[in-house]
Structure formats: C-alpha cells, structure tokens
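Novice: Okay, here's the structure, questions in a sec.
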Amino acid sequence: MNETQAVTILSRRFPAKRAFVTGAASGLGRAIATELAEAGWRLGLLDVSAGRLVEVERTLREAGATTHSYAGDVAQEGFVAGSVADFAQRAGGLDLMVNNAGVAAGGSIEATPAADWRWIIDINLLGVVWGCQAAVPLMRAARAGLVLNVASAAGFAASPQMSAYNATKAAVISLSETLAAELEGSGVQAAVAMPGFFATRLLEAMRAPPQESAMAQQLMAKSRHDAAEAARAILAAAARGDLHIVWPREYRLAWRLKRLFPGWFVRRVAQLRGRQPARANPRPG
C-alpha cells in the first residue's frame with residue numbers, strides 16, 4: 001500500500017471517521033491528527049499542554065476539521081475515561097483510538113530516581129492502559145475499531161542508560177500483543193507502533209543526566225525523518241492490519257535480529273554503547 005493511501009483505506013474501513021488522539025498537540029500525535037483531519041475525520045484531541053492544544057485545534061479547524069479538545073494528563077485514569085466517553089457521545093461512537101502521549105527519561109537502573117520511574121510509568125504505560133480501557137468497550141459494542149498504541153524501537157532495542165524509557169515502551173509492546181489476542185474475533189484491531197528516532201519535541205521534557213540528554217539530542221538531530229513521514233507510515237501499516245509496526249525501514253533488521261538472536265543482540269547493543277565515552281550518571285540531589 002502506498003503510504004499516501006493509508007488514511008483513504010482507514011476511511012473506507014471506518015466511514016464514520018471518528019478518532020481520538022492523545023499527545024495530540026505536538027510531534028507524532030499532531031502529525032497523525034493532521035493526516036486524519038485532511039481526510040475529514042472528526043477528532044478528539046487530548047494533551048497536557050492547554051496552550052499547544054488551543055493552537056493545534058485552531059489550525060485544524062481552520063482547515064475544516066471538526067475537533068473536540070481535552071486538556072489534561074493521561075496519567076489520570078478518570079480524566080482519560082471521561083474525555084473518551086464525552087467524545088464518543090458527541091461523535092456517536094469511536095473508530096480509532098491513538099494512545100500516543102509519552103515522555104522520556106534517561107539514566108541507568110540504579111541511578112534513575114524513584115520519582116522519575118513513577119512519572120514515566122504513569123504516562124507511558126498507564127496512560128496507554130487507561131486509553132485502552134476507555135476505548136475498547138465502545139469498540140467491542142460496535143464490533144469494529146482500531147486501537148493504535150505508540151511504543152518505540154527502544155522497547156526492543158533496550159539501549160543501556162535508558163532503563164525507565166525502555167521498560168515502559170517494552171511494556172506497551174507486550175500490552176498491545178496481549179490486547180490483540182484478547183480482541184481476536186471481536187472485529188476490533190490492535191496495533192503497536194515502534195518508531196525509531198525522528199524529529200519531534202519528545203526530548204524537551206526529558207529527565208536525564210546531561211550526558212544522556214545530549215546523546216539523545218544528537219541522535220534525533222541526525223535522523224533524516226520527521227513526524228509527518230512517521231504518521232503516514234504508521235497509519236499505512238495500521239490500515240494494512242499490521243500488529244507490529246517498526247519504522248523507519250532501517251530498524252526492521254534490528255527487530256528481526258532481536259527476536260531471532262536475543263542474547264547476541266543484547267551483547268551487541270552493549271558493545272556498541274561501549275564505544276561511547278565512559279560516563280557515570282548519578283543524579284544531583
């Protein structure tokens with residue numbers, strides 16, 4: 001399938017065209033919302049940044065989209081449930097749920113503070129759980145729908161010094177696989193996106209030692225890809241019915257190697273990381 005046809009295929013599958021996107025005010029979430037808006041989808045937009053949410057909603061409405069915005073934190077179970085329910089009531093249902101909101105944290109397992117572990121788990125993992133719990137019953141009742149969870153290539157690559165981020169993204173992959181099995185025969189599709197580095201605002205709020213933040217910034221700056229490209233590719237794969245969506249293409253070999261040769265892969269990642277200058281990463285008190 002040509003990636004430019006992705007939203008067209010989704011629109012044919014779900015002619016009512018109703019989607020809810022978390023983390024919708026920047027990066028991949030905004031790019032996905034933009035792609036859907038251009039195809040006439042009605043959108044529920046959730047983001048923790050009320051200011052950015054106002055701006056993106058204005059832009060999409062000026063382009064002719066019908067939108068409903070919800071400013072708040074995906075870590076709050078009741079807020080997510082209420083927002084999705086409100087949108088579904090206004091739109092007459094829900095066809096596509098994109099659990100995209102996420103944050104980043106860096107540092108070794110022993111040096112990452114407990115507060116950072118709780119912060120990233122609440123958003124990256126439990127935020128996805130709350131989105132699934134809010135959307136799936138609506139879709140089961142309609143016997144149709146698509147739940148698209150956004151993880152990361154970090155969830156299978158497991159690079160050292162990114163313990164909390166890796167763990168939450170690996171959990172989202174496992175959660176999505178479990179959901180796909182639970183939805184078998186229901187008419188509802190589950191998919192998990194595992195993108196590699198591309199230009200986004202994810203690192204703006206990253207909690208990490210200076211060296212780790214600098215390395216992540218360098219890797220992102222070297223990427224040849226942007227959020228719009230990622231959105232089109234991920235929507236195309238979801239439209240095909242893929243469960244595992246690994247993007248960009250160059251990450252697919254790593255995904256296969258990890259699954260076929262997990263022990264070798266872990267050792268190889270450690271060796272590659274070892275070529276970087278040695279660093280200690282205790283966090284300041």
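Following the order of the structure tokens, chains are lettered A, B, ..., residues in each are numbered from 1, and ligands are numbered from 1.
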With only C-alpha atoms as the counted atoms, please give the residues lying no more than 7 Å from region 113-121 of chain A, apart from itself and same-chain residues fewer than 6 positions off, as a VMD selection string.

Specialist: chain A and resid 103 164 168

Novice: Let me see the file: selected residues, C-alpha atoms, as a short mmCIF file (atom, residue, chain, number, x, y, z; two decimals), in the first residue's frame.

Specialist:
```cif
data_model
loop_
_atom_site.label_atom_id
_atom_site.label_comp_id
_atom_site.auth_asym_id
_atom_site.auth_seq_id
_atom_site.Cartn_x
_atom_site.Cartn_y
_atom_site.Cartn_z
CA VAL A 103 7.66 11.29 27.84
CA ALA A 164 12.93 3.58 32.50
CA THR A 168 7.76 1.41 29.61
#
```

Novice: Please list as a list in words every residue within 8 Å of Ala193 (chain A), counting only C-alpha atoms and excluding residues in the same chain fewer than 2 positions away.

Specialist: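 These residues fall inside the cut-off: Leu148, Asn149, Val150, Ala151, Ser152, Ala191, Pro195, Ile234, His244, Ile245, Val246 and Trp247 of chain A.
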
Novice: Please write the residues from the selection above to a file, keeping C-alpha atoms, as a PDB file, in the first residue's frame.

Specialist:
```
ATOM      1  CA  LEU A 148      -3.140   2.064  17.869  1.00  0.00           C
ATOM      2  CA  ASN A 149      -0.634   2.209  20.727  1.00  0.00           C
ATOM      3  CA  VAL A 150       2.617   4.094  20.238  1.00  0.00           C
ATOM      4  CA  ALA A 151       5.658   2.410  21.790  1.00  0.00           C
ATOM      5  CA  SER A 152       9.206   2.855  20.468  1.00  0.00           C
ATOM      6  CA  ALA A 191      -1.600  -2.369  16.604  1.00  0.00           C
ATOM      7  CA  PRO A 195       9.313   4.075  15.667  1.00  0.00           C
ATOM      8  CA  ILE A 234       2.359   4.190  10.792  1.00  0.00           C
ATOM      9  CA  HIS A 244       3.811  -4.768  14.880  1.00  0.00           C
ATOM     10  CA  ILE A 245       4.733  -1.535  13.104  1.00  0.00           C
ATOM     11  CA  VAL A 246       8.516  -0.990  13.023  1.00  0.00           C
ATOM     12  CA  TRP A 247       9.625   2.234  11.334  1.00  0.00           C
TER      13      TRP A 247
END
```

Novice: At a cut-off of 10 Å, using only C-alpha atoms, what residues contact region 253-266 of chain A? Leave out same-chain residues fewer than 2 positions from it and give the result as a PyMOL selection string.

Specialist: chain A and resi 153+156-160+194+244+246-247+249-251+268-271

Novice: A:Val54, A:Ala135, A:Val48, A:Leu243: which is nearest Gly102 (chain A), counting only C-alpha atoms?

Specialist: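 Of all the options, A:Val48 lies closest to Gly102 (chain A).
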
Novice: Please identify all polymer residues within 7 Å of Leu43 (chain A), counting only C-alpha atoms, omitting same-chain residues fewer than 5 positions from it, and present them as a list of chain:residue names.

Specialist: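 With the cut-off at 7 Å, the set is A:Arg18, A:Ala19, A:Phe20, A:Thr66, A:Thr67, A:His68.
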
Novice: Work out how far apart CA of Thr34 (chain A) and CA of Ser11 (chain A) are and give it in Å to one decimal.

Specialist: 14.2 Å

Novice: Could you work out how far CA of Leu126 (chain A) lies from CA of Gly44 (chain A), giving the answer in Å with one decimal?

Specialist: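 Interatomic distance, CA of Gly44 (chain A) to CA of Leu126 (chain A): 19.4 Å.
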
Novice: List every residue of region 35-248 of chain A that DSSP, applied to the backbone of this structure, places in alpha helix (DSSP H), and write the result as a PyMOL selection string.

Specialist: chain A and resi 35-38+50-62+77-91+114-120+126-142+154-157+163-182+210-222+227-240

Novice: Which residues come within 9 Å of Asp73 (chain A), counting only C-alpha atoms, excluding same-chain residues fewer than 6 positions away, as a list in words?

Specialist: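 Contacts, in chain order: Leu46, Asp47, Val48, Ser49, Phe79, Val80, Ile123 and Gly127 of chain A.
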
Novice: Give me the residues within 9 Å of Glu38 (chain A) as a list in words, counting only C-alpha atoms and dropping any in the same chain fewer than 2 places off.

Specialist: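 With the cut-off at 9 Å, the set is Ala33, Thr34, Glu35, Leu36, Gly40, Trp41, Leu60, Ala63, Gly64 and Ala65 of chain A.
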